[in-house]
Amino acid sequence: MTAPKMGDFEDFLPVMAEKLGGEGLMNELCNGFRLLMDGEKGVITLESLKRNAALLGLQEMSDDELHSMLTEGDLDGDGALNQMEFCVLMFRLSPDLMEESQLWLEQALLEELRHG
């Protein structure tokens, strides 16, 4: 059995966004963050990710793969993911959702220009 790759999630986020709407999707991402975070530190650490990897079906991933995932999302370089970094990472790993988000932003800006 091969380890799932982070790209395996990209099909789920657009479906979740469509079904839940923007606010619902953000709530679900926040719930996912809380499942993976270290309760004492309030961030996702390599240890908390390893401990909770099975919740995401990532139990087959090596420590190096989990570390790479953590590093990819660690925008401030502190070695952990805060809630914002986790949400940004989830959006970045979903090209379809990123494309939709770009379209939503463009539409909102056009509306603002028309009425502003």
# chains A, B, ... in the order shown; residues from 1 in each chain; ligands from 1
$ residues_around --residues "Leu35 of chain A" --least-positions-apart "4" --cutoff "10 Å" --atoms "only C-alpha atoms" --output "number ranges by chain"
A: 29-31, 39, 44, 48-49, 52-53, 55-56
$ write_last_selection --atoms "N, CA, C and O atoms" --output "CSV table (one decimal), in the first residue's frame"
chain,number,residue,atom,x,y,z
A,29,LEU,N,-12.4,23.5,8.2
A,29,LEU,CA,-10.9,23.6,8.3
A,29,LEU,C,-10.5,23.9,9.7
A,29,LEU,O,-9.5,23.3,10.2
A,30,CYS,N,-11.2,24.8,10.4
A,30,CYS,CA,-10.9,25.0,11.8
A,30,CYS,C,-11.0,23.8,12.7
A,30,CYS,O,-10.2,23.5,13.6
A,31,ASN,N,-12.1,23.0,12.4
A,31,ASN,CA,-12.2,21.8,13.1
A,31,ASN,C,-11.1,20.8,12.9
A,31,ASN,O,-10.6,20.1,13.8
A,39,GLY,N,-2.7,20.3,21.9
A,39,GLY,CA,-3.6,21.0,22.8
A,39,GLY,C,-2.9,22.0,23.8
A,39,GLY,O,-3.5,23.0,24.1
A,44,ILE,N,-0.1,23.0,15.3
A,44,ILE,CA,0.2,21.7,14.8
A,44,ILE,C,1.8,21.6,14.8
A,44,ILE,O,2.4,22.3,14.1
A,48,SER,N,2.4,16.3,17.1
A,48,SER,CA,0.9,16.2,17.1
A,48,SER,C,0.5,15.7,15.7
A,48,SER,O,-0.5,15.0,15.6
A,49,LEU,N,1.1,16.1,14.6
A,49,LEU,CA,0.8,15.6,13.3
A,49,LEU,C,1.0,14.1,13.2
A,49,LEU,O,0.1,13.4,12.7
A,52,ASN,N,-1.7,12.3,15.3
A,52,ASN,CA,-3.0,12.3,14.7
A,52,ASN,C,-3.1,12.1,13.2
A,52,ASN,O,-4.2,12.3,12.7
A,53,ALA,N,-2.1,11.6,12.6
A,53,ALA,CA,-2.1,11.5,11.1
A,53,ALA,C,-3.1,10.5,10.7
A,53,ALA,O,-3.7,10.7,9.6
A,55,LEU,N,-6.1,10.3,11.6
A,55,LEU,CA,-7.4,10.9,11.4
A,55,LEU,C,-7.6,11.5,10.0
A,55,LEU,O,-8.7,11.6,9.6
A,56,LEU,N,-6.5,11.7,9.3
A,56,LEU,CA,-6.6,12.2,7.9
A,56,LEU,C,-6.2,11.1,6.9
A,56,LEU,O,-6.1,11.4,5.7
$ residues_around --residues "Glu47 of chain A" --least-positions-apart "4" --cutoff "12 Å" --atoms "only C-alpha atoms" --output "list in words"
Leu36, Met37, Asp38, Gly39, Lys41, Val43, Arg51, Asn52, Ala53, Asp63, Leu66, His67, Leu70, Gly79, Ala80 and Leu81 of chain A
$ atom_distance --atom1 "atom CA of Cys87 of chain A" --atom2 "atom CA of Leu46 of chain A"
16.7 Å
$ atom_distance --atom1 "atom CA of Glu85 of chain A" --atom2 "atom CA of Gly32 of chain A"
12.6 Å
$ atom_distance --atom1 "atom CA of Thr71 of chain A" --atom2 "atom CA of Phe91 of chain A"
15.5 Å
$ closest_residue --among "A:Ser62, A:Gln83, A:Thr45, A:Ser68" --to "Asn27 of chain A" --atoms "only C-alpha atoms"
A:Gln83
$ select_by_dssp --residues "segment 37-107 of chain A" --states "alpha helix (DSSP H)" --output "JSON, numbers by chain"
{"A": [46, 47, 48, 49, 50, 51, 52, 63, 64, 65, 66, 67, 68, 69, 70, 71, 72, 73, 83, 84, 85, 86, 87, 88, 89, 90, 91, 92, 95, 96, 97, 98, 99, 100, 101, 102, 103, 104, 105, 106, 107]}
$ select_by_dssp --residues "segment 12-89 of chain A" --states "strand (DSSP E or B)" --output "ChimeraX atom specification"
/A:38,43-44,81
